[in-house]
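**Q** Take a look at query34.pdb, PDB, C-alpha atoms:
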```
ATOM      1  CA  MET A   1      -9.212  25.838 -15.191
ATOM      2  CA  LEU A   2     -10.862  22.411 -15.287
ATOM      3  CA  ASN A   3      -8.755  19.754 -16.980
ATOM      4  CA  ILE A   4     -11.291  17.622 -18.870
ATOM      5  CA  SER A   5      -8.780  14.875 -19.781
ATOM      6  CA  LYS A   6      -7.701  14.433 -16.176
ATOM      7  CA  LEU A   7     -11.333  14.315 -15.032
ATOM      8  CA  LEU A   8     -12.100  11.693 -17.702
ATOM      9  CA  PHE A   9      -9.188   9.402 -16.787
ATOM     10  CA  TYR A  10      -9.832   9.618 -13.041
ATOM     11  CA  SER A  11     -13.541   8.902 -13.626
ATOM     12  CA  ILE A  12     -12.771   5.821 -15.764
ATOM     13  CA  MET A  13     -10.261   4.596 -13.163
ATOM     14  CA  ILE A  14     -12.856   4.872 -10.379
ATOM     15  CA  LEU A  15     -15.554   3.358 -12.614
ATOM     16  CA  GLY A  16     -13.293   0.378 -13.450
ATOM     17  CA  THR A  17     -12.756  -0.392  -9.757
ATOM     18  CA  CYS A  18     -16.497  -0.023  -9.030
ATOM     19  CA  LEU A  19     -17.270  -2.391 -11.934
ATOM     20  CA  THR A  20     -14.899  -5.004 -10.493
ATOM     21  CA  LEU A  21     -16.497  -4.685  -7.049
ATOM     22  CA  SER A  22     -20.077  -4.932  -8.320
ATOM     23  CA  SER A  23     -19.678  -7.484 -11.134
ATOM     24  CA  GLU A  24     -21.212 -10.942 -10.746
ATOM     25  CA  THR A  25     -19.020 -12.650 -13.375
ATOM     26  CA  TRP A  26     -15.250 -13.184 -13.600
ATOM     27  CA  LEU A  27     -15.218 -11.679 -17.085
ATOM     28  CA  GLY A  28     -16.923  -8.521 -15.802
ATOM     29  CA  MET A  29     -14.266  -8.212 -13.076
ATOM     30  CA  TRP A  30     -11.549  -8.596 -15.727
ATOM     31  CA  ILE A  31     -13.126  -5.809 -17.811
ATOM     32  CA  GLY A  32     -13.179  -3.555 -14.712
ATOM     33  CA  LEU A  33      -9.479  -4.201 -14.081
ATOM     34  CA  GLU A  34      -8.648  -3.426 -17.735
ATOM     35  CA  MET A  35     -10.603  -0.143 -17.603
ATOM     36  CA  ASN A  36      -8.726   0.786 -14.455
ATOM     37  CA  LEU A  37      -5.372  -0.001 -16.109
ATOM     38  CA  ILE A  38      -6.077   1.890 -19.342
ATOM     39  CA  ALA A  39      -7.191   4.990 -17.393
ATOM     40  CA  PHE A  40      -4.227   4.935 -14.975
ATOM     41  CA  ILE A  41      -1.521   4.846 -17.695
ATOM     42  CA  PRO A  42      -2.232   8.430 -18.963
ATOM     43  CA  ILE A  43      -2.334   9.646 -15.338
ATOM     44  CA  LEU A  44       1.169   8.210 -14.854
ATOM     45  CA  TYR A  45       2.423   9.869 -18.037
ATOM     46  CA  LYS A  46       1.194  13.335 -17.047
ATOM     47  CA  SER A  47       4.761  14.507 -16.249
ATOM     48  CA  LYS A  48       6.135  13.524 -19.708
ATOM     49  CA  ASN A  49       9.717  12.779 -18.662
ATOM     50  CA  THR A  50      11.976   9.705 -18.872
ATOM     51  CA  TRP A  51      11.004   8.377 -15.451
ATOM     52  CA  ALA A  52       7.288   8.741 -16.220
ATOM     53  CA  SER A  53       7.608   6.825 -19.502
ATOM     54  CA  GLU A  54       9.616   4.053 -17.761
ATOM     55  CA  SER A  55       7.037   3.740 -14.981
ATOM     56  CA  CYS A  56       4.216   3.610 -17.585
ATOM     57  CA  MET A  57       5.939   0.795 -19.494
ATOM     58  CA  ILE A  58       6.783  -1.263 -16.387
ATOM     59  CA  TYR A  59       3.282  -0.828 -14.951
ATOM     60  CA  PHE A  60       1.583  -1.670 -18.248
ATOM     61  CA  LEU A  61       3.649  -4.850 -18.810
ATOM     62  CA  ILE A  62       3.166  -6.133 -15.237
ATOM     63  CA  GLN A  63      -0.562  -5.423 -15.141
ATOM     64  CA  SER A  64      -1.023  -6.912 -18.616
ATOM     65  CA  LEU A  65       0.703 -10.112 -17.466
ATOM     66  CA  GLY A  66      -1.648 -10.286 -14.477
ATOM     67  CA  SER A  67      -4.685  -9.675 -16.726
ATOM     68  CA  ILE A  68      -3.587 -12.370 -19.214
ATOM     69  CA  LEU A  69      -3.202 -14.900 -16.386
ATOM     70  CA  MET A  70      -6.625 -13.962 -15.038
ATOM     71  CA  LEU A  71      -8.219 -14.305 -18.471
ATOM     72  CA  LEU A  72      -6.478 -17.674 -18.925
ATOM     73  CA  SER A  73      -7.846 -18.930 -15.608
ATOM     74  CA  VAL A  74     -11.378 -17.681 -16.388
ATOM     75  CA  LEU A  75     -11.386 -19.314 -19.839
ATOM     76  CA  SER A  76      -9.990 -22.598 -18.464
ATOM     77  CA  ASN A  77     -12.943 -22.767 -16.059
ATOM     78  CA  SER A  78     -15.122 -23.887 -18.997
ATOM     79  CA  LEU A  79     -13.111 -27.159 -19.091
ATOM     80  CA  ILE A  80     -14.285 -28.111 -15.597
ATOM     81  CA  MET A  81     -16.351 -31.023 -16.970
ATOM     82  CA  VAL A  82     -13.152 -32.702 -18.247
ATOM     83  CA  SER A  83     -11.465 -33.017 -14.852
ATOM     84  CA  PRO A  84     -13.307 -31.047 -12.137
ATOM     85  CA  THR A  85     -10.698 -31.272  -9.357
ATOM     86  CA  VAL A  86      -7.648 -30.428 -11.514
ATOM     87  CA  ILE A  87      -9.350 -27.552 -13.350
ATOM     88  CA  GLU A  88     -10.727 -26.109 -10.116
ATOM     89  CA  HIS A  89      -7.277 -26.089  -8.474
ATOM     90  CA  PHE A  90      -5.737 -24.638 -11.651
ATOM     91  CA  PHE A  91      -8.424 -21.933 -11.811
ATOM     92  CA  TYR A  92      -8.072 -20.739  -8.203
ATOM     93  CA  SER A  93      -4.253 -20.922  -8.196
ATOM     94  CA  THR A  94      -3.863 -19.034 -11.480
ATOM     95  CA  LEU A  95      -6.416 -16.408 -10.470
ATOM     96  CA  MET A  96      -4.706 -15.910  -7.112
ATOM     97  CA  PHE A  97      -1.242 -15.531  -8.665
ATOM     98  CA  SER A  98      -2.572 -13.086 -11.264
ATOM     99  CA  MET A  99      -3.864 -10.871  -8.432
ATOM    100  CA  PHE A 100      -0.531 -11.211  -6.593
ATOM    101  CA  ILE A 101       1.261  -9.976  -9.727
ATOM    102  CA  LYS A 102      -1.098  -6.997  -9.952
ATOM    103  CA  LEU A 103      -0.647  -6.139  -6.259
ATOM    104  CA  GLY A 104       3.120  -6.675  -6.131
ATOM    105  CA  VAL A 105       2.932  -9.438  -3.509
ATOM    106  CA  PRO A 106       6.193 -11.446  -3.118
ATOM    107  CA  PRO A 107       7.656 -13.217  -5.026
ATOM    108  CA  PHE A 108       6.248 -10.841  -7.701
ATOM    109  CA  HIS A 109       7.174  -7.664  -5.817
ATOM    110  CA  PHE A 110      10.340  -6.469  -7.589
ATOM    111  CA  TRP A 111       8.521  -3.994  -9.840
ATOM    112  CA  PHE A 112       6.633  -2.290  -7.023
ATOM    113  CA  PRO A 113       9.374  -0.282  -5.176
ATOM    114  CA  GLU A 114      11.105   0.490  -8.488
ATOM    115  CA  ILE A 115       8.005   1.986 -10.052
ATOM    116  CA  LEU A 116       7.271   4.034  -6.914
ATOM    117  CA  GLU A 117      10.763   5.561  -7.163
ATOM    118  CA  LYS A 118       9.889   6.886 -10.641
ATOM    119  CA  MET A 119       6.507   8.407  -9.660
ATOM    120  CA  ASN A 120       5.404  11.690  -8.117
ATOM    121  CA  TRP A 121       3.713  11.652  -4.712
ATOM    122  CA  MET A 122       0.152  11.845  -6.083
ATOM    123  CA  ASN A 123       0.589   8.709  -8.202
ATOM    124  CA  CYS A 124       2.258   6.954  -5.245
ATOM    125  CA  VAL A 125      -0.895   7.550  -3.184
ATOM    126  CA  ILE A 126      -3.125   6.099  -5.920
ATOM    127  CA  ILE A 127      -1.028   2.956  -6.534
ATOM    128  CA  MET A 128      -0.629   2.211  -2.798
ATOM    129  CA  THR A 129      -4.285   2.758  -1.853
ATOM    130  CA  TRP A 130      -6.956   2.859  -4.589
ATOM    131  CA  GLN A 131      -5.276   0.362  -6.954
ATOM    132  CA  LYS A 132      -5.309  -2.303  -4.222
ATOM    133  CA  ILE A 133      -9.104  -2.329  -3.809
ATOM    134  CA  ALA A 134     -10.097  -4.282  -6.951
ATOM    135  CA  PRO A 135      -7.463  -7.095  -6.699
ATOM    136  CA  PHE A 136      -8.163  -7.541  -2.981
ATOM    137  CA  SER A 137     -11.907  -7.777  -3.637
ATOM    138  CA  ILE A 138     -11.218 -10.616  -6.120
ATOM    139  CA  LEU A 139      -8.852 -12.320  -3.653
ATOM    140  CA  SER A 140     -11.546 -12.141  -0.967
ATOM    141  CA  LEU A 141     -13.798 -14.312  -3.173
ATOM    142  CA  ILE A 142     -11.217 -17.104  -3.506
ATOM    143  CA  SER A 143      -9.279 -16.856  -0.228
ATOM    144  CA  GLU A 144     -11.121 -19.800   1.365
ATOM    145  CA  LYS A 145     -10.140 -22.094  -1.526
ATOM    146  CA  SER A 146      -6.378 -21.593  -1.169
ATOM    147  CA  ILE A 147      -4.096 -23.566   1.144
ATOM    148  CA  MET A 148      -1.003 -21.529   0.193
ATOM    149  CA  LEU A 149      -2.045 -18.258   1.829
ATOM    150  CA  PRO A 150      -0.277 -18.734   5.227
ATOM    151  CA  MET A 151       3.038 -19.281   3.396
ATOM    152  CA  ILE A 152       2.381 -16.232   1.188
ATOM    153  CA  ILE A 153       1.570 -14.148   4.307
ATOM    154  CA  MET A 154       4.884 -15.092   5.960
ATOM    155  CA  LEU A 155       6.846 -14.415   2.768
ATOM    156  CA  THR A 156       5.108 -11.047   2.199
ATOM    157  CA  THR A 157       5.569  -9.698   5.730
ATOM    158  CA  MET A 158       9.248 -10.727   5.917
ATOM    159  CA  THR A 159      10.040  -9.409   2.420
ATOM    160  CA  GLY A 160       8.427  -6.064   3.250
ATOM    161  CA  ALA A 161      10.384  -5.903   6.514
ATOM    162  CA  LEU A 162      13.819  -6.914   5.211
ATOM    163  CA  GLY A 163      13.565  -5.046   1.887
ATOM    164  CA  GLY A 164      13.372  -1.619   3.508
ATOM    165  CA  LEU A 165      16.459  -2.030   5.709
ATOM    166  CA  ASN A 166      19.092  -0.647   3.314
ATOM    167  CA  GLN A 167      16.972   2.013   1.581
ATOM    168  CA  THR A 168      17.551   5.767   1.677
ATOM    169  CA  SER A 169      14.618   6.757  -0.544
ATOM    170  CA  ILE A 170      11.393   7.542   1.327
ATOM    171  CA  ARG A 171       9.308   6.258  -1.605
ATOM    172  CA  LYS A 172      11.060   2.866  -1.581
ATOM    173  CA  ILE A 173      10.728   2.634   2.210
ATOM    174  CA  LEU A 174       6.985   3.316   1.921
ATOM    175  CA  GLY A 175       6.838   0.753  -0.924
ATOM    176  CA  TYR A 176       8.357  -2.035   1.194
ATOM    177  CA  SER A 177       6.174  -0.915   4.107
ATOM    178  CA  SER A 178       3.164  -1.283   1.800
ATOM    179  CA  ILE A 179       4.278  -4.843   0.949
ATOM    180  CA  ASN A 180       4.476  -5.621   4.679
ATOM    181  CA  HIS A 181       0.973  -4.202   5.244
ATOM    182  CA  MET A 182      -0.329  -6.288   2.317
ATOM    183  CA  GLY A 183       0.770  -9.375   4.242
ATOM    184  CA  TRP A 184      -1.448  -8.285   7.148
ATOM    185  CA  MET A 185      -4.335  -7.605   4.761
ATOM    186  CA  ILE A 186      -3.980 -11.066   3.198
ATOM    187  CA  ALA A 187      -4.134 -12.473   6.757
ATOM    188  CA  CYS A 188      -7.460 -10.623   7.124
ATOM    189  CA  LEU A 189      -8.651 -12.310   3.909
ATOM    190  CA  LYS A 190      -7.658 -15.749   5.143
ATOM    191  CA  PHE A 191      -9.013 -15.644   8.703
ATOM    192  CA  ASN A 192     -11.764 -12.985   8.708
ATOM    193  CA  ASP A 193     -12.925 -11.622   5.379
ATOM    194  CA  ASP A 194     -14.664  -8.569   6.895
ATOM    195  CA  TYR A 195     -11.504  -6.892   8.205
ATOM    196  CA  TRP A 196      -9.376  -6.315   5.098
ATOM    197  CA  MET A 197     -11.361  -3.249   3.962
ATOM    198  CA  LYS A 198     -11.181  -1.692   7.453
ATOM    199  CA  TYR A 199      -7.429  -2.325   7.500
ATOM    200  CA  LEU A 200      -7.023  -0.767   4.037
ATOM    201  CA  ILE A 201      -9.065   2.334   4.996
ATOM    202  CA  ILE A 202      -7.022   3.023   8.151
ATOM    203  CA  TYR A 203      -3.745   2.345   6.305
ATOM    204  CA  SER A 204      -4.860   4.700   3.507
ATOM    205  CA  ILE A 205      -5.638   7.504   6.004
ATOM    206  CA  ILE A 206      -2.169   7.232   7.570
ATOM    207  CA  LEU A 207      -0.442   7.003   4.178
ATOM    208  CA  ILE A 208      -2.315  10.008   2.705
ATOM    209  CA  MET A 209      -1.314  12.138   5.722
ATOM    210  CA  MET A 210       2.332  11.074   5.364
ATOM    211  CA  ILE A 211       2.521  11.645   1.627
ATOM    212  CA  PHE A 212       0.773  15.026   1.931
ATOM    213  CA  THR A 213       3.468  16.003   4.456
ATOM    214  CA  PHE A 214       6.348  14.847   2.230
ATOM    215  CA  TYR A 215       4.770  16.552  -0.792
ATOM    216  CA  THR A 216       4.465  19.839   1.141
ATOM    217  CA  LEU A 217       8.074  19.619   2.373
ATOM    218  CA  SER A 218       9.381  18.376  -1.037
ATOM    219  CA  SER A 219      11.149  15.469   0.701
ATOM    220  CA  PHE A 220      12.175  12.347  -1.223
ATOM    221  CA  TYR A 221      15.249  11.062   0.674
ATOM    222  CA  ILE A 222      16.242  10.564   4.332
ATOM    223  CA  SER A 223      19.039  13.147   4.046
ATOM    224  CA  GLN A 224      16.468  15.899   3.387
ATOM    225  CA  PHE A 225      15.056  15.491   6.893
ATOM    226  CA  SER A 226      18.142  17.231   8.307
ATOM    227  CA  ASN A 227      16.896  20.506   6.744
ATOM    228  CA  MET A 228      13.922  20.710   9.100
ATOM    229  CA  SER A 229      14.124  23.479  11.658
ATOM    230  CA  SER A 230      10.617  23.307  13.179
ATOM    231  CA  MET A 231      10.331  20.959  16.164
ATOM    232  CA  THR A 232       6.572  20.571  15.655
ATOM    233  CA  GLU A 233       7.168  19.360  12.074
ATOM    234  CA  LYS A 234       9.681  16.832  13.377
ATOM    235  CA  MET A 235       7.256  15.554  16.016
ATOM    236  CA  THR A 236       4.453  15.305  13.431
ATOM    237  CA  ILE A 237       6.578  13.135  11.112
ATOM    238  CA  ILE A 238       7.778  10.975  14.039
ATOM    239  CA  ILE A 239       4.162  10.348  15.128
ATOM    240  CA  MET A 240       3.158   9.385  11.579
ATOM    241  CA  PHE A 241       6.044   6.932  11.187
ATOM    242  CA  MET A 242       5.285   5.318  14.542
ATOM    243  CA  SER A 243       1.615   5.104  13.541
ATOM    244  CA  LEU A 244       2.515   3.479  10.212
ATOM    245  CA  GLY A 245       4.672   0.973  12.101
ATOM    246  CA  GLY A 246       1.737   0.040  14.348
ATOM    247  CA  LEU A 247       3.049   1.232  17.709
ATOM    248  CA  PRO A 248       0.251   0.873  20.325
ATOM    249  CA  PRO A 249      -0.795   4.431  21.259
ATOM    250  CA  PHE A 250      -1.242   5.450  17.627
ATOM    251  CA  LEU A 251      -3.879   4.929  14.936
ATOM    252  CA  GLY A 252      -1.849   2.298  13.016
ATOM    253  CA  PHE A 253      -2.088  -0.146  15.939
ATOM    254  CA  LEU A 254      -5.892  -0.533  15.591
ATOM    255  CA  PRO A 255      -5.906  -2.617  12.362
ATOM    256  CA  LYS A 256      -2.976  -4.724  13.593
ATOM    257  CA  TRP A 257      -4.849  -5.329  16.844
ATOM    258  CA  MET A 258      -7.850  -6.620  14.857
ATOM    259  CA  VAL A 259      -5.640  -9.062  12.903
ATOM    260  CA  ILE A 260      -3.842 -10.218  16.067
ATOM    261  CA  GLN A 261      -7.198 -10.997  17.731
ATOM    262  CA  VAL A 262      -8.386 -12.947  14.679
ATOM    263  CA  LEU A 263      -5.139 -14.971  14.508
ATOM    264  CA  ILE A 264      -5.280 -15.781  18.235
ATOM    265  CA  VAL A 265      -8.890 -16.999  17.905
ATOM    266  CA  SER A 266      -7.894 -19.239  14.964
ATOM    267  CA  ASN A 267      -4.843 -20.603  16.928
ATOM    268  CA  SER A 268      -2.326 -19.463  14.280
ATOM    269  CA  TYR A 269       0.406 -18.625  16.790
ATOM    270  CA  THR A 270       3.417 -19.430  14.587
ATOM    271  CA  LEU A 271       2.165 -17.198  11.788
ATOM    272  CA  LEU A 272       1.348 -14.452  14.305
ATOM    273  CA  MET A 273       4.858 -14.530  15.807
ATOM    274  CA  ILE A 274       6.479 -14.223  12.365
ATOM    275  CA  MET A 275       4.189 -11.298  11.471
ATOM    276  CA  ILE A 276       4.941  -9.481  14.744
ATOM    277  CA  LEU A 277       8.701 -10.021  14.257
ATOM    278  CA  SER A 278       8.416  -8.512  10.781
ATOM    279  CA  VAL A 279       6.698  -5.452  12.259
ATOM    280  CA  LEU A 280       9.589  -5.066  14.727
ATOM    281  CA  ILE A 281      12.003  -4.966  11.778
ATOM    282  CA  THR A 282       9.918  -2.289  10.030
ATOM    283  CA  LEU A 283       9.857  -0.285  13.282
ATOM    284  CA  PHE A 284      13.654  -0.555  13.342
ATOM    285  CA  TYR A 285      14.105   1.244  10.042
ATOM    286  CA  TYR A 286      11.400   3.755  10.947
ATOM    287  CA  LEU A 287      13.393   4.497  14.118
ATOM    288  CA  ARG A 288      16.457   5.015  11.928
ATOM    289  CA  LEU A 289      14.515   7.686  10.053
ATOM    290  CA  VAL A 290      13.251   9.187  13.314
ATOM    291  CA  SER A 291      16.757   9.334  14.809
ATOM    292  CA  THR A 292      17.904  11.260  11.733
ATOM    293  CA  ILE A 293      15.131  13.791  12.312
ATOM    294  CA  ILE A 294      15.741  14.169  16.062
ATOM    295  CA  LEU A 295      19.548  14.194  16.258
ATOM    296  CA  PHE A 296      20.233  16.606  13.399
ATOM    297  CA  SER A 297      19.619  20.263  14.145
ATOM    298  CA  ASN A 298      19.352  22.729  11.302
ATOM    299  CA  THR A 299      20.574  26.316  11.241
ATOM    300  CA  SER A 300      19.505  28.656   8.467
ATOM    301  CA  MET A 301      20.635  32.169   7.585
ATOM    302  CA  LYS A 302      18.235  35.094   7.478
ATOM    303  CA  TRP A 303      18.796  35.544   3.775
ATOM    304  CA  THR A 304      17.955  31.907   3.002
ATOM    305  CA  LEU A 305      15.009  31.551   0.648
ATOM    306  CA  SER A 306      11.767  30.741   2.456
ATOM    307  CA  LYS A 307      10.756  27.099   2.163
ATOM    308  CA  THR A 308       7.345  25.515   2.338
ATOM    309  CA  GLU A 309       6.248  24.317   5.762
ATOM    310  CA  LEU A 310       3.243  22.504   7.159
ATOM    311  CA  THR A 311       0.641  24.837   8.581
ATOM    312  CA  TYR A 312       0.058  24.733  12.323
ATOM    313  CA  GLU A 313      -3.565  23.636  11.807
ATOM    314  CA  MET A 314      -2.456  20.725   9.603
ATOM    315  CA  GLN A 315       0.075  19.556  12.205
ATOM    316  CA  ILE A 316      -2.556  19.661  14.963
ATOM    317  CA  SER A 317      -5.016  17.726  12.771
ATOM    318  CA  ILE A 318      -2.440  14.983  12.039
ATOM    319  CA  VAL A 319      -1.563  14.620  15.738
ATOM    320  CA  ILE A 320      -5.252  14.455  16.764
ATOM    321  CA  ILE A 321      -6.069  11.817  14.109
ATOM    322  CA  ASN A 322      -3.092   9.654  15.092
ATOM    323  CA  ILE A 323      -3.421   9.904  18.897
ATOM    324  CA  LEU A 324      -6.963  10.841  19.968
ATOM    325  CA  LEU A 325      -8.895   8.908  17.293
ATOM    326  CA  PRO A 326      -7.609   5.438  18.336
ATOM    327  CA  VAL A 327      -8.395   6.217  22.003
ATOM    328  CA  ILE A 328     -11.987   7.199  21.132
ATOM    329  CA  SER A 329     -12.345   4.146  18.852
ATOM    330  CA  THR A 330     -11.024   1.787  21.539
ATOM    331  CA  PHE A 331     -13.474   2.961  24.215
ATOM    332  CA  SER A 332     -16.396   2.995  21.776
ATOM    333  CA  LEU A 333     -15.957  -0.701  20.854
TER
END
```
As structure tokens, what does this structure read like?

**A**
Amino acid sequence: MLNISKLLFYSIMILGTCLTLSSETWLGMWIGLEMNLIAFIPILYKSKNTWASESCMIYFLIQSLGSILMLLSVLSNSLIMVSPTVIEHFFYSTLMFSMFIKLGVPPFHFWFPEILEKMNWMNCVIIMTWQKIAPFSILSLISEKSIMLPMIIMLTTMTGALGGLNQTSIRKILGYSSINHMGWMIACLKFNDDYWMKYLIIYSIILIMMIFTFYTLSSFYISQFSNMSSMTEKMTIIIMFMSLGGLPPFLGFLPKWMVIQVLIVSNSYTLLMIMILSVLITLFYYLRLVSTIILFSNTSMKWTLSKTELTYEMQISIVIINILLPVISTFSL
């Protein structure tokens, strides 16, 4: 049966993002962000439990704070005749920080992993992929005006790398991984504005495949990986984690390769080294997950209840996308 309410809220959420992307005024972009927020809150509260209500409240307060800051910066722009230089710097800085609050970029990141922990997998996909499009499109318009972005990039990549080290929840690990990837996307904004959308699309493909797998297997914590008996399932998850970490043979290396090339051309070697070191740290805690999957073998009794498993076709599709697609893309460039 078609759920009209769900269709309405998803439509308004998509429409809000499209309005932000297509608007020619700052106020129009603000209205698009507000439409997106108002439509996403009921989607979060679909479960109607304590965790859902907490995540709704946290998300609403954080996004409202970002919207208020954005509105403040837009309204202050009318005072530009009083002191052009001061007002211009105030406008761009406030607008940039309001988008950082909405995205969960450090040092405003504390809400992001916490809210992911309280969500179901479907909402996690939306907040880590679709909800990033509108704020990043606004940041792309002001990225050339900011001198603070290299420092923010270093802080974001290192926070995303170090934050996931002591986590056992898959959702929090993916949250800190998302923060690390946002650092790479901000680097795209700073040095080549055309690449951030390509990076986000490839990251979204990898993330959707991972979350679909975890949703099918009903996995939320590292300890649940020890229940896997199928070797093909284990290999599929290992490939996806290595791809998310940006290991060279896999799909996740392509966007990182683009950013590395751009940073080398712009002679930003110090920033590049810090970003690559942060990726090595993220690969370390992915390898910790992978070692749990490989080293633990599971035995199950015949009378054990049947559990959901990934279909063979789905596993083959994931492997092909993560291994063959980057090879084809590389030789077609």

**Q** Just to confirm, what's the straight-line distance from atom CA of A:Met158 to atom CA of A:Leu271 in Å (one decimal)?

**A**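 Answer for the atom CA of A:Met158 to atom CA of A:Leu271 separation: 11.2 Å.
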
**Q** Which residues are near stretch 143-157 of chain A? Cut-off 8 Å, all atoms listed in the file, ignore same chain within fewer than 2 positions. Put them as a list in words.

**A** Tyr92, Ser93, Val105, Pro106, Pro107, Leu139, Ser140, Leu141, Thr159, Gly160, Ala161, Ile179, Asn180, His181, Met182, Gly183, Trp184, Ile186, Ala187, Leu189, Lys190, Leu271, Ile274, Met275, Ser278 and Val279 of chain A

**Q** Rounded to one decimal, what separation in Å do you get between atom CA of A:Trp26 and atom CA of A:Ala39?

**A**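 Rounded to one decimal, the two atoms are 20.2 Å apart.
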
**Q** With the PyMOL selection byres ((chain A and resi 115-126) around 7) as the selection, what would be picked from this file? Answer as a list in words, please.

**A**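 Checked against the file, the PyMOL selection byres ((chain A and resi 115-126) around 7) matches Leu44, Trp51, Ala52, Ser55, Trp111, Phe112, Pro113, Glu114, Ile127, Met128, Thr129, Trp130, Gln131, Arg171, Lys172, Gly175, Ile208, Ile211 and Tyr215 of chain A.
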
**Q** So what do you get for atom CA of A:Phe90 versus atom CA of A:Asp194, distance-wise?

**A**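 About the pair atom CA of A:Phe90 and atom CA of A:Asp194: they are 26.1 Å apart.
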
**Q** Which residues match the PyMOL selection byres ((chain A and resi 58-75) around 6) in the file above, as a ChimeraX atom specification?

**A** /A:55-57,76-78,91,94-95,98,101-102

**Q** Expanded to explicit residues, what is the PyMOL selection byres ((chain A and resi 210) around 10) for this file, as a count of residues only?

**A** 21
